[in-house]
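Structure file final-v1.pdb with PDB, C-alpha atoms:
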ATOM      1  CA  MET N 194      87.428 107.625 110.569
ATOM      2  CA  ASN N 195      88.469 111.285 110.339
ATOM      3  CA  ASN N 196      89.975 113.083 107.376
ATOM      4  CA  LEU N 197      93.628 112.238 106.670
ATOM      5  CA  ARG N 198      96.314 114.698 105.562
ATOM      6  CA  VAL N 199      98.877 113.126 103.216
ATOM      7  CA  SER N 200     102.128 114.815 102.120
ATOM      8  CA  LEU N 201     103.817 113.829  98.849
ATOM      9  CA  VAL N 202     107.540 114.560  99.072
ATOM     10  CA  GLN N 203     108.655 114.560  95.438
ATOM     11  CA  GLY N 204     112.416 115.060  95.532
ATOM     12  CA  GLU N 205     115.553 114.554  93.465
ATOM     13  CA  THR N 206     117.244 111.658  95.240
ATOM     14  CA  ARG N 207     121.055 111.822  95.369
ATOM     15  CA  TRP N 208     122.870 108.853  93.802
ATOM     16  CA  HIS N 209     124.399 106.407  96.324
ATOM     17  CA  ASP N 210     124.491 109.007  99.110
ATOM     18  CA  PRO N 211     122.469 107.800 102.129
ATOM     19  CA  ALA N 212     123.682 110.488 104.547
ATOM     20  CA  GLY N 213     123.178 113.213 101.948
ATOM     21  CA  ASN N 214     119.668 111.985 101.189
ATOM     22  CA  ARG N 215     118.702 111.893 104.840
ATOM     23  CA  ASP N 216     119.803 115.526 105.134
ATOM     24  CA  TYR N 217     118.089 116.475 101.869
ATOM     25  CA  TYR N 218     114.733 114.870 102.631
ATOM     26  CA  GLY N 219     114.962 116.026 106.227
ATOM     27  CA  ASP N 220     115.140 119.617 104.987
ATOM     28  CA  LEU N 221     112.176 119.080 102.642
ATOM     29  CA  ILE N 222     109.882 117.789 105.394
ATOM     30  CA  GLU N 223     111.085 120.044 108.203
ATOM     31  CA  SER N 224     108.087 122.391 108.003
ATOM     32  CA  LEU N 225     105.396 119.668 107.979
ATOM     33  CA  HIS N 226     104.888 119.482 111.745
ATOM     34  CA  GLY N 227     101.256 120.130 112.578
ATOM     35  CA  ILE N 228     100.020 120.158 108.963
ATOM     36  CA  THR N 229     100.204 116.483 107.977
ATOM     37  CA  ASP N 230      99.354 113.004 109.236
ATOM     38  CA  LEU N 231     101.327 110.917 106.750
ATOM     39  CA  VAL N 232     104.567 111.683 104.869
ATOM     40  CA  LEU N 233     105.529 109.727 101.728
ATOM     41  CA  LEU N 234     109.149 109.466 100.556
ATOM     42  CA  PRO N 235     110.215 107.804  97.281
ATOM     43  CA  GLU N 236     111.321 104.242  96.685
ATOM     44  CA  THR N 237     114.985 103.694  97.678
ATOM     45  CA  PHE N 238     115.135 107.298  98.833
ATOM     46  CA  THR N 239     118.619 106.951 100.364
ATOM     47  CA  SER N 240     120.349 105.748  97.187
ATOM     48  CA  GLY N 241     118.223 105.903  94.068
ATOM     49  CA  PHE N 242     117.064 102.755  92.281
ATOM     50  CA  SER N 243     120.367 100.941  91.777
ATOM     51  CA  ASN N 244     121.450  97.304  91.772
ATOM     52  CA  GLU N 245     124.947  98.446  92.757
ATOM     53  CA  ALA N 246     123.618 100.138  95.907
ATOM     54  CA  ILE N 247     123.137  96.681  97.372
ATOM     55  CA  ALA N 248     126.676  96.976  98.770
ATOM     56  CA  GLN N 249     125.477  99.895 100.927
ATOM     57  CA  ALA N 250     122.406  98.060 102.240
ATOM     58  CA  GLU N 251     121.730  98.871 105.882
ATOM     59  CA  THR N 252     120.204  96.684 108.572
ATOM     60  CA  MET N 253     117.110  97.412 110.629
ATOM     61  CA  ASP N 254     119.520  98.710 113.280
ATOM     62  CA  GLY N 255     121.089 101.140 110.820
ATOM     63  CA  PRO N 256     120.974 104.939 110.598
ATOM     64  CA  THR N 257     118.064 105.253 108.159
ATOM     65  CA  VAL N 258     115.588 103.346 110.325
ATOM     66  CA  ALA N 259     116.679 105.454 113.300
ATOM     67  CA  TRP N 260     116.310 108.620 111.188
ATOM     68  CA  MET N 261     112.782 107.686 110.105
ATOM     69  CA  CYS N 262     111.762 107.010 113.710
ATOM     70  CA  GLU N 263     113.133 110.401 114.745
ATOM     71  CA  GLN N 264     111.377 112.206 111.870
ATOM     72  CA  ALA N 265     108.043 110.564 112.714
ATOM     73  CA  ARG N 266     108.412 111.601 116.361
ATOM     74  CA  ARG N 267     109.466 115.151 115.483
ATOM     75  CA  LEU N 268     106.673 115.674 112.936
ATOM     76  CA  ASP N 269     104.056 113.824 115.004
ATOM     77  CA  ALA N 270     103.101 112.039 111.784
ATOM     78  CA  ALA N 271     103.615 108.654 110.173
ATOM     79  CA  ILE N 272     106.373 108.456 107.569
ATOM     80  CA  CYS N 273     107.062 105.841 104.913
ATOM     81  CA  GLY N 274     109.474 105.153 102.064
ATOM     82  CA  SER N 275     111.628 102.256 100.903
ATOM     83  CA  VAL N 276     115.323 101.487 101.408
ATOM     84  CA  GLN N 277     117.691  98.572 100.808
ATOM     85  CA  ILE N 278     117.732  96.443 103.963
ATOM     86  CA  ARG N 279     119.974  93.438 104.606
ATOM     87  CA  GLN N 280     118.419  90.641 106.656
ATOM     88  CA  THR N 281     120.563  89.705 109.653
ATOM     89  CA  ASP N 282     118.832  86.549 110.841
ATOM     90  CA  GLY N 283     116.476  83.744 109.856
ATOM     91  CA  PRO N 284     116.414  81.565 106.733
ATOM     92  CA  ARG N 285     116.984  84.555 104.431
ATOM     93  CA  LYS N 286     119.955  85.915 106.338
ATOM     94  CA  ASP N 287     122.253  88.162 104.257
ATOM     95  CA  ARG N 288     119.620  88.639 101.538
ATOM     96  CA  VAL N 289     118.785  92.241 100.667
ATOM     97  CA  PHE N 290     115.207  93.488 100.323
ATOM     98  CA  ASN N 291     113.688  96.602  98.800
ATOM     99  CA  ARG N 292     111.849  97.268 102.046
ATOM    100  CA  LEU N 293     109.126  99.825 102.606
ATOM    101  CA  LEU N 294     109.160 101.110 106.175
ATOM    102  CA  PHE N 295     106.044 102.570 107.826
ATOM    103  CA  VAL N 296     106.858 104.363 111.087
ATOM    104  CA  THR N 297     104.493 106.146 113.481
ATOM    105  CA  PRO N 298     105.363 108.819 116.078
ATOM    106  CA  ASP N 299     105.242 106.354 118.968
ATOM    107  CA  GLY N 300     108.119 104.402 117.384
ATOM    108  CA  ASN N 301     105.983 101.571 116.007
ATOM    109  CA  LEU N 302     107.651 100.227 112.876
ATOM    110  CA  GLN N 303     106.075  97.937 110.292
ATOM    111  CA  HIS N 304     107.517  96.919 106.950
ATOM    112  CA  TYR N 305     106.606  95.499 103.568
ATOM    113  CA  ASP N 306     109.152  93.814 101.278
ATOM    114  CA  LYS N 307     108.579  94.583  97.598
ATOM    115  CA  ARG N 308     107.046  91.501  96.044
ATOM    116  CA  HIS N 309     107.282  92.257  92.335
ATOM    117  CA  LEU N 310     110.944  92.798  91.496
ATOM    118  CA  PHE N 311     111.634  94.734  88.300
ATOM    119  CA  ARG N 312     112.970  92.091  85.931
ATOM    120  CA  TYR N 313     113.552  94.671  83.175
ATOM    121  CA  ALA N 314     116.305  96.213  85.359
ATOM    122  CA  LYS N 315     117.441  92.829  86.766
ATOM    123  CA  GLU N 316     116.256  93.716  90.256
ATOM    124  CA  HIS N 317     115.237  90.076  90.711
ATOM    125  CA  GLU N 318     118.877  88.948  90.300
ATOM    126  CA  ARG N 319     120.136  91.027  93.238
ATOM    127  CA  TYR N 320     117.261  91.433  95.657
ATOM    128  CA  ALA N 321     114.986  89.010  97.484
ATOM    129  CA  GLY N 322     111.256  89.382  96.978
ATOM    130  CA  GLY N 323     108.616  89.563  99.681
ATOM    131  CA  SER N 324     105.441  87.517  99.838
ATOM    132  CA  GLU N 325     103.138  89.122 102.402
ATOM    133  CA  ARG N 326     100.967  92.159 101.791
ATOM    134  CA  LEU N 327     100.850  94.673 104.628
ATOM    135  CA  THR N 328      97.864  96.596 105.957
ATOM    136  CA  VAL N 329      98.453  99.192 108.661
ATOM    137  CA  GLU N 330      95.963 101.234 110.647
ATOM    138  CA  TRP N 331      96.668 104.904 111.191
ATOM    139  CA  LYS N 332      94.344 107.666 112.328
ATOM    140  CA  GLY N 333      91.363 105.351 111.766
ATOM    141  CA  TRP N 334      92.386 104.591 108.153
ATOM    142  CA  ARG N 335      93.357 101.155 106.879
ATOM    143  CA  ILE N 336      96.350 101.642 104.575
ATOM    144  CA  CYS N 337      98.038  99.251 102.125
ATOM    145  CA  PRO N 338     101.558 100.428 101.182
ATOM    146  CA  LEU N 339     103.226  98.992  98.056
ATOM    147  CA  VAL N 340     106.314  99.735  95.947
ATOM    148  CA  CYS N 341     106.657 100.911  92.332
ATOM    149  CA  TYR N 342     106.432  97.859  90.002
ATOM    150  CA  ASP N 343     103.703  96.409  92.256
ATOM    151  CA  LEU N 344     101.411  98.940  90.555
ATOM    152  CA  ARG N 345     101.269  96.751  87.443
ATOM    153  CA  PHE N 346      99.827  93.722  89.284
ATOM    154  CA  PRO N 347      96.180  94.299  90.254
ATOM    155  CA  VAL N 348      95.523  90.885  91.834
ATOM    156  CA  PHE N 349      98.054  91.452  94.620
ATOM    157  CA  SER N 350      96.549  94.839  95.464
ATOM    158  CA  ARG N 351      92.884  93.816  95.172
ATOM    159  CA  ASN N 352      90.738  95.357  97.899
ATOM    160  CA  ARG N 353      88.736  92.403  99.187
ATOM    161  CA  TYR N 354      85.551  92.582 101.214
ATOM    162  CA  ASP N 355      86.440  91.672 104.800
ATOM    163  CA  VAL N 356      83.900  89.077 105.951
ATOM    164  CA  GLU N 357      85.276  89.246 109.494
ATOM    165  CA  ARG N 358      84.470  92.949 109.690
ATOM    166  CA  PRO N 359      81.011  93.396 108.139
ATOM    167  CA  GLY N 360      80.834  96.411 105.884
ATOM    168  CA  MET N 361      84.614  96.754 105.672
ATOM    169  CA  LEU N 362      87.097  96.419 102.851
ATOM    170  CA  ASP N 363      90.750  95.480 103.372
ATOM    171  CA  TYR N 364      91.865  99.092 103.152
ATOM    172  CA  ASP N 365      90.820 102.694 102.505
ATOM    173  CA  LEU N 366      94.073 104.071 101.079
ATOM    174  CA  LEU N 367      96.494 102.407  98.689
ATOM    175  CA  LEU N 368     100.053 103.827  98.618
ATOM    176  CA  TYR N 369     102.780 103.468  96.005
ATOM    177  CA  VAL N 370     106.298 104.835  96.506
ATOM    178  CA  ALA N 371     108.311 104.702  93.306
ATOM    179  CA  ASN N 372     111.284 105.416  91.084
ATOM    180  CA  TRP N 373     109.221 105.367  87.871
ATOM    181  CA  PRO N 374     111.105 106.695  84.789
ATOM    182  CA  ALA N 375     109.631 109.431  82.610
ATOM    183  CA  ALA N 376     109.644 107.122  79.568
ATOM    184  CA  ARG N 377     106.762 105.191  81.173
ATOM    185  CA  ALA N 378     104.884 108.147  82.667
ATOM    186  CA  TYR N 379     101.614 107.392  80.866
ATOM    187  CA  PRO N 380     101.256 103.882  82.373
ATOM    188  CA  TRP N 381     102.057 105.356  85.811
ATOM    189  CA  LYS N 382      99.274 107.921  85.551
ATOM    190  CA  THR N 383      96.802 105.460  84.051
ATOM    191  CA  LEU N 384      97.398 102.631  86.514
ATOM    192  CA  LEU N 385      97.098 104.886  89.561
ATOM    193  CA  ARG N 386      93.609 105.791  88.370
ATOM    194  CA  ALA N 387      92.700 102.200  87.599
ATOM    195  CA  ARG N 388      93.755 100.990  91.049
ATOM    196  CA  ALA N 389      91.624 103.696  92.704
ATOM    197  CA  ILE N 390      88.498 102.987  90.654
ATOM    198  CA  GLU N 391      88.585  99.194  90.917
ATOM    199  CA  ASN N 392      89.409  99.160  94.633
ATOM    200  CA  LEU N 393      86.912 101.833  95.749
ATOM    201  CA  CYS N 394      89.641 103.715  97.583
ATOM    202  CA  TYR N 395      91.970 106.683  97.548
ATOM    203  CA  VAL N 396      95.376 106.094  95.934
ATOM    204  CA  ALA N 397      98.528 108.111  96.624
ATOM    205  CA  GLY N 398     101.462 107.606  94.255
ATOM    206  CA  LEU N 399     104.797 109.237  95.115
ATOM    207  CA  ASN N 400     107.576 109.339  92.508
ATOM    208  CA  ARG N 401     110.919 111.123  92.302
ATOM    209  CA  VAL N 402     112.245 113.732  89.855
ATOM    210  CA  GLY N 403     115.609 114.449  88.221
ATOM    211  CA  THR N 404     118.169 112.186  86.567
ATOM    212  CA  ASP N 405     119.805 109.232  88.296
ATOM    213  CA  GLY N 406     123.298 107.773  88.058
ATOM    214  CA  ASN N 407     122.204 105.475  85.220
ATOM    215  CA  GLY N 408     121.057 108.451  83.156
ATOM    216  CA  LEU N 409     117.344 107.728  83.620
ATOM    217  CA  GLN N 410     115.063 110.742  83.816
ATOM    218  CA  TYR N 411     112.103 110.977  86.200
ATOM    219  CA  SER N 412     109.158 113.295  85.625
ATOM    220  CA  GLY N 413     107.546 113.020  89.048
ATOM    221  CA  ASP N 414     103.826 112.983  88.262
ATOM    222  CA  SER N 415     103.104 112.157  91.894
ATOM    223  CA  ALA N 416      99.387 112.289  92.598
ATOM    224  CA  VAL N 417      96.529 111.609  94.956
ATOM    225  CA  ILE N 418      93.582 110.012  93.157
ATOM    226  CA  ASP N 419      90.069 109.649  94.551
ATOM    227  CA  PHE N 420      87.782 106.610  94.377
ATOM    228  CA  LEU N 421      86.307 107.783  91.040
ATOM    229  CA  GLY N 422      89.723 108.136  89.426
ATOM    230  CA  HIS N 423      89.773 111.917  89.677
ATOM    231  CA  PRO N 424      93.029 113.630  90.687
ATOM    232  CA  VAL N 425      92.760 115.410  94.042
ATOM    233  CA  SER N 426      96.364 116.561  93.791
ATOM    234  CA  GLU N 427      98.866 116.306  90.915
ATOM    235  CA  CYS N 428     102.543 117.245  90.741
ATOM    236  CA  THR N 429     104.581 118.108  87.660
ATOM    237  CA  ASP N 430     108.290 117.430  87.111
ATOM    238  CA  GLU N 431     109.723 119.665  89.835
ATOM    239  CA  GLU N 432     110.820 119.196  93.424
ATOM    240  CA  VAL N 433     107.744 119.791  95.567
ATOM    241  CA  VAL N 434     106.087 118.908  98.854
ATOM    242  CA  ALA N 435     102.305 118.753  98.393
ATOM    243  CA  THR N 436      99.854 118.089 101.220
ATOM    244  CA  THR N 437      96.334 116.880 100.442
ATOM    245  CA  THR N 438      93.370 116.099 102.708
ATOM    246  CA  LEU N 439      91.527 112.834 102.081
ATOM    247  CA  LEU N 440      87.818 113.110 102.933
ATOM    248  CA  ALA N 441      86.558 110.155 104.939
ATOM    249  CA  ALA N 442      82.863 110.959 104.608
ATOM    250  CA  GLU N 443      83.049 111.184 100.820
ATOM    251  CA  LEU N 444      84.775 107.801 100.615
ATOM    252  CA  ALA N 445      82.166 106.193 102.871
ATOM    253  CA  ALA N 446      79.320 107.761 100.892
ATOM    254  CA  HIS N 447      80.710 106.490  97.601
ATOM    255  CA  ARG N 448      81.006 102.947  98.914
ATOM    256  CA  GLU N 449      77.441 103.058 100.200
ATOM    257  CA  ARG N 450      76.146 104.544  96.975
ATOM    258  CA  PHE N 451      78.118 102.191  94.706
ATOM    259  CA  PRO N 452      78.870  98.961  96.668
ATOM    260  CA  ALA N 453      80.657  97.097  93.879
ATOM    261  CA  MET N 454      82.587  95.106  96.485
ATOM    262  CA  LEU N 455      79.470  93.064  97.176
ATOM    263  CA  ASP N 456      79.627  91.659  93.633
ATOM    264  CA  ALA N 457      83.389  91.084  93.542
ATOM    265  CA  ASP N 458      84.935  87.658  92.975
ATOM    266  CA  ARG N 459      85.957  85.902  96.174
ATOM    267  CA  PHE N 460      89.488  84.535  96.272
ATOM    268  CA  THR N 461      92.479  83.946  98.492
ATOM    269  CA  PHE N 462      96.044  84.897  97.611
ATOM    270  CA  SER N 463      99.029  82.595  98.033
TER     271      SER N 463
END
As structure tokens, what does this structure read like?
Amino acid sequence: MNNLRVSLVQGETRWHDPAGNRDYYGDLIESLHGITDLVLLPETFTSGFSNEAIAQAETMDGPTVAWMCEQARRLDAAICGSVQIRQTDGPRKDRVFNRLLFVTPDGNLQHYDKRHLFRYAKEHERYAGGSERLTVEWKGWRICPLVCYDLRFPVFSRNRYDVERPGMLDYDLLLYVANWPAARAYPWKTLLRARAIENLCYVAGLNRVGTDGNGLQYSGDSAVIDFLGHPVSECTDEEVVATTTLLAAELAAHRERFPAMLDADRFTFS
């Protein structure tokens, strides 16, 4: 496992403007070719966090998925963020998901559907929830990408010792892409640190800035946190693209020095 360069793209998402947001975020990441391995975009980065945006939900054949594939190819880096996606087949046909997309330069696309829907904003009344956690492998790192409100539920994100791969945990990097309002900034900062410490991993949390169409303000506070809960990179409340290098050897050394996973409770999730 080599070092991994992660870019936090903390932007001011335009309200209900998918084409405008693709142009906006495309401009922000244009210069990242050759200096990053993984690009993080916010939750619902084409629309903002809106129940009404469900009417604009795209399909997996829509322009945003194609745009993400093109950006990953052009940057020669993986890219992820969440968008509203309407299912076109299967038992949940016509349901809309808050779907995180993880795309690599070779066109490989994996997705995770947000499990914990934000009841406080009635997200659960409009969107369908996912059930399966996703782990992807990229550049030798095992990565678990999650979405916003998932941050408050530690059981779902627990980094379990992998008995089928001796010496391995489920993942090395935990990701959260979010639209997390400024009014709850302290829990955001605190929980990112807690997830890193308890899971013996790096955590990258990417939030947006600005004010949305519902009048909610966002203070950013995007960050990369190390396995001891220390910030490696922290953003303030401004538009910024920040690239941080995660050190593989330091993570491995910490796990060897402090192997708390060997004493963890064994469980399965259903």
- Of the listed residues N:Ile336, N:Ile228, N:Ile222, N:Ile278, that which approaches Glu251 (chain N) most closely, counting all atoms listed in the file: N:Ile278
- Item | Nearest to Asp458 (chain N) by atom-to-atom distance, counting only C-alpha atoms, from N:Pro374, N:Asn352, N:Ala259, N:Ala442 |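 Closest candidate: N:Asn352.
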- Message: Applying 10 Å and all atoms listed in the file, which residues near Ala445 (chain N) remain after dropping the ones on its own chain fewer than 3 positions away? List them as a list in words.
- Response: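 Counting only the stated atoms, we get Met194, Asp365, Leu393, Cys394, Leu440, Ala441, Ala442, Arg448, Glu449, Arg450 and Phe451 of chain N.
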- Selection near Val202 (chain N), 9 Å with all atoms listed in the file, sequence-local residues under 4 positions removed, as a PyMOL selection string: chain N and resi 218+221-222+232-235+399-401+415+432-436
- Task: Using only C-alpha atoms, pick whichever of N:Phe242, N:Trp260, N:Cys337, N:Leu231 has the shortest atom-to-atom distance to Gly219 (chain N).
- Result: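 Looking only at the distances to Gly219 (chain N), the closest residue turns out to be N:Trp260.
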- Task: Could you tell me which residues the PyMOL selection byres ((chain N and resi 341) around 9) grabs in this file, written as JSON, numbers by chain?
- Result: {"N": [236, 307, 309, 311, 339, 340, 342, 343, 344, 345, 369, 370, 371, 372, 373, 398, 399, 400]}
- Item | Distance criterion (all atoms listed in the file): nearest to Arg279 (chain N) out of N:Arg266, N:Arg312, N:Arg292, N:Lys382 |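 Among the listed residues, N:Arg292 lies closest to Arg279 (chain N).
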- Message: With 12 Å as the threshold, what does the neighbourhood of (122.2, 101.2, 111.0) contain in terms of residues, counting all atoms listed in the file? Coordinates are those of the file; answer as a list in words.
- Response: Pro211, Ala212, Gln249, Ala250, Glu251, Thr252, Met253, Asp254, Gly255, Pro256, Thr257, Val258, Ala259, Trp260, Met261, Val276, Gln277, Ile278, Arg279 and Thr281 of chain N
Take the residues just selected and output them with C-alpha atoms as a compact mmCIF listing (two decimals), keeping the file's coordinate frame.
# COMPACT_ATOMS: atom_id res chain seq x y z
CA PRO N 211 122.47 107.80 102.13
CA ALA N 212 123.68 110.49 104.55
CA GLN N 249 125.48 99.90 100.93
CA ALA N 250 122.41 98.06 102.24
CA GLU N 251 121.73 98.87 105.88
CA THR N 252 120.20 96.68 108.57
CA MET N 253 117.11 97.41 110.63
CA ASP N 254 119.52 98.71 113.28
CA GLY N 255 121.09 101.14 110.82
CA PRO N 256 120.97 104.94 110.60
CA THR N 257 118.06 105.25 108.16
CA VAL N 258 115.59 103.35 110.32
CA ALA N 259 116.68 105.45 113.30
CA TRP N 260 116.31 108.62 111.19
CA MET N 261 112.78 107.69 110.10
CA VAL N 276 115.32 101.49 101.41
CA GLN N 277 117.69 98.57 100.81
CA ILE N 278 117.73 96.44 103.96
CA ARG N 279 119.97 93.44 104.61
CA THR N 281 120.56 89.70 109.65
- Query: CA of Pro347 (chain N) and CA of Ala389 (chain N) are how many Å apart?
  - Reply: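 Separation of CA of Pro347 (chain N) and CA of Ala389 (chain N): 10.7 Å.
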- Task: Decode the PyMOL selection byres ((chain N and resi 402) around 7) for the given file into explicit residues and return them as a ChimeraX atom specification.
- Result: /N:203-205,400-401,403-404,411-413,430-432
- Message: Between N:Leu366, N:Val348, N:Ala453, N:Leu310, which residue has the minimum interatomic distance to Gly333 (chain N), considering all atoms listed in the file?
- Response: N:Leu366
Selection dump of the PyMOL selection byres ((chain N and resi 387) around 12), as a CSV table (one decimal) with C-alpha atoms, keeping the file's coordinate frame:
chain,number,residue,atom,x,y,z
N,344,LEU,CA,101.4,98.9,90.6
N,345,ARG,CA,101.3,96.8,87.4
N,346,PHE,CA,99.8,93.7,89.3
N,347,PRO,CA,96.2,94.3,90.3
N,350,SER,CA,96.5,94.8,95.5
N,351,ARG,CA,92.9,93.8,95.2
N,367,LEU,CA,96.5,102.4,98.7
N,380,PRO,CA,101.3,103.9,82.4
N,381,TRP,CA,102.1,105.4,85.8
N,382,LYS,CA,99.3,107.9,85.6
N,383,THR,CA,96.8,105.5,84.1
N,384,LEU,CA,97.4,102.6,86.5
N,385,LEU,CA,97.1,104.9,89.6
N,386,ARG,CA,93.6,105.8,88.4
N,388,ARG,CA,93.8,101.0,91.0
N,389,ALA,CA,91.6,103.7,92.7
N,390,ILE,CA,88.5,103.0,90.7
N,391,GLU,CA,88.6,99.2,90.9
N,392,ASN,CA,89.4,99.2,94.6
N,393,LEU,CA,86.9,101.8,95.7
N,394,CYS,CA,89.6,103.7,97.6
N,395,TYR,CA,92.0,106.7,97.5
N,396,VAL,CA,95.4,106.1,95.9
N,418,ILE,CA,93.6,110.0,93.2
N,419,ASP,CA,90.1,109.6,94.6
N,420,PHE,CA,87.8,106.6,94.4
N,421,LEU,CA,86.3,107.8,91.0
N,422,GLY,CA,89.7,108.1,89.4
N,423,HIS,CA,89.8,111.9,89.7
N,424,PRO,CA,93.0,113.6,90.7
- Task: Please provide as a list in words all residues within 8 Å of Leu362 (chain N), with the sequence filter that same-chain residues fewer than 2 positions apart are discarded (counting only C-alpha atoms).
- Result: Asn352, Arg353, Tyr354, Asp355, Gly360, Tyr364, Asp365 and Met454 of chain N
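The space between CA of Asn195 (chain N) and CA of Leu294 (chain N) spans 23.4 Å.
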- In Å, rounded to a single decimal, give me how far CA of Ala270 (chain N) is from CA of Asp230 (chain N).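 These two atoms are separated by 4.6 Å.
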- Query: N:Asn301, N:Thr429, N:Thr328, N:Thr437: which is nearest Asp363 (chain N), counting only C-alpha atoms?
  - Reply: N:Thr328
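Residues of protein, DNA and RNA with at least one atom no farther than 8 Å from (121.1, 103.5, 93.4) are, using all atoms listed in the file, Trp208, His209, Thr237, Ser240, Gly241, Phe242, Ser243, Asn244, Glu245, Ala246, Asp405 and Gly406 of chain N.
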Go ahead and fit an axis-aligned box to every listed atom of region 213-226 of chain N plus 6 Å each side, and pass me the centre and edge lengths in Å, one decimal, as lines of an AutoDock Vina configuration file.
center_x = 114.0
center_y = 117.1
center_z = 106.5
size_x = 30.3
size_y = 22.5
size_z = 22.6
Quick test: take region 448-463 of chain N, keep N, CA and C atoms, and write it as a tab-separated table (two decimals), in the first residue's frame.
chain	number	residue	atom	x	y	z
N	448	ARG	N	-1.39	0.58	13.71
N	448	ARG	CA	-2.17	-0.63	13.92
N	448	ARG	C	-1.33	-1.74	14.56
N	449	GLU	N	-0.06	-1.79	14.21
N	449	GLU	CA	0.81	-2.80	14.82
N	449	GLU	C	1.13	-2.44	16.27
N	450	ARG	N	1.30	-1.16	16.51
N	450	ARG	CA	1.64	-0.69	17.84
N	450	ARG	C	0.44	-0.74	18.79
N	451	PHE	N	-0.75	-0.51	18.25
N	451	PHE	CA	-1.96	-0.42	19.07
N	451	PHE	C	-3.07	-1.26	18.42
N	452	PRO	N	-3.01	-2.58	18.47
N	452	PRO	CA	-3.93	-3.45	17.73
N	452	PRO	C	-5.27	-3.65	18.44
N	453	ALA	N	-5.98	-2.57	18.66
N	453	ALA	CA	-7.26	-2.65	19.38
N	453	ALA	C	-8.27	-3.53	18.66
N	454	MET	N	-8.10	-3.73	17.36
N	454	MET	CA	-9.05	-4.54	16.61
N	454	MET	C	-9.07	-5.99	17.09
N	455	LEU	N	-8.00	-6.43	17.70
N	455	LEU	CA	-7.95	-7.81	18.18
N	455	LEU	C	-8.85	-8.03	19.39
N	456	ASP	N	-9.23	-6.94	20.07
N	456	ASP	CA	-10.08	-7.03	21.25
N	456	ASP	C	-11.50	-6.56	20.97
N	457	ALA	N	-11.80	-6.26	19.72
N	457	ALA	CA	-13.12	-5.72	19.37
N	457	ALA	C	-14.20	-6.80	19.44
N	458	ASP	N	-15.43	-6.37	19.66
N	458	ASP	CA	-16.57	-7.28	19.67
N	458	ASP	C	-16.82	-7.80	18.28
N	459	ARG	N	-17.07	-9.09	18.16
N	459	ARG	CA	-17.39	-9.70	16.88
N	459	ARG	C	-18.89	-9.62	16.65
N	460	PHE	N	-19.29	-9.24	15.44
N	460	PHE	CA	-20.71	-9.17	15.13
N	460	PHE	C	-20.89	-9.18	13.63
N	461	THR	N	-22.09	-9.48	13.21
N	461	THR	CA	-22.48	-9.35	11.81
N	461	THR	C	-23.57	-8.30	11.72
N	462	PHE	N	-23.67	-7.67	10.55
N	462	PHE	CA	-24.65	-6.60	10.36
N	462	PHE	C	-25.74	-7.06	9.40
N	463	SER	N	-26.99	-6.78	9.75
N	463	SER	CA	-28.08	-7.16	8.85
N	463	SER	C	-29.04	-6.00	8.69
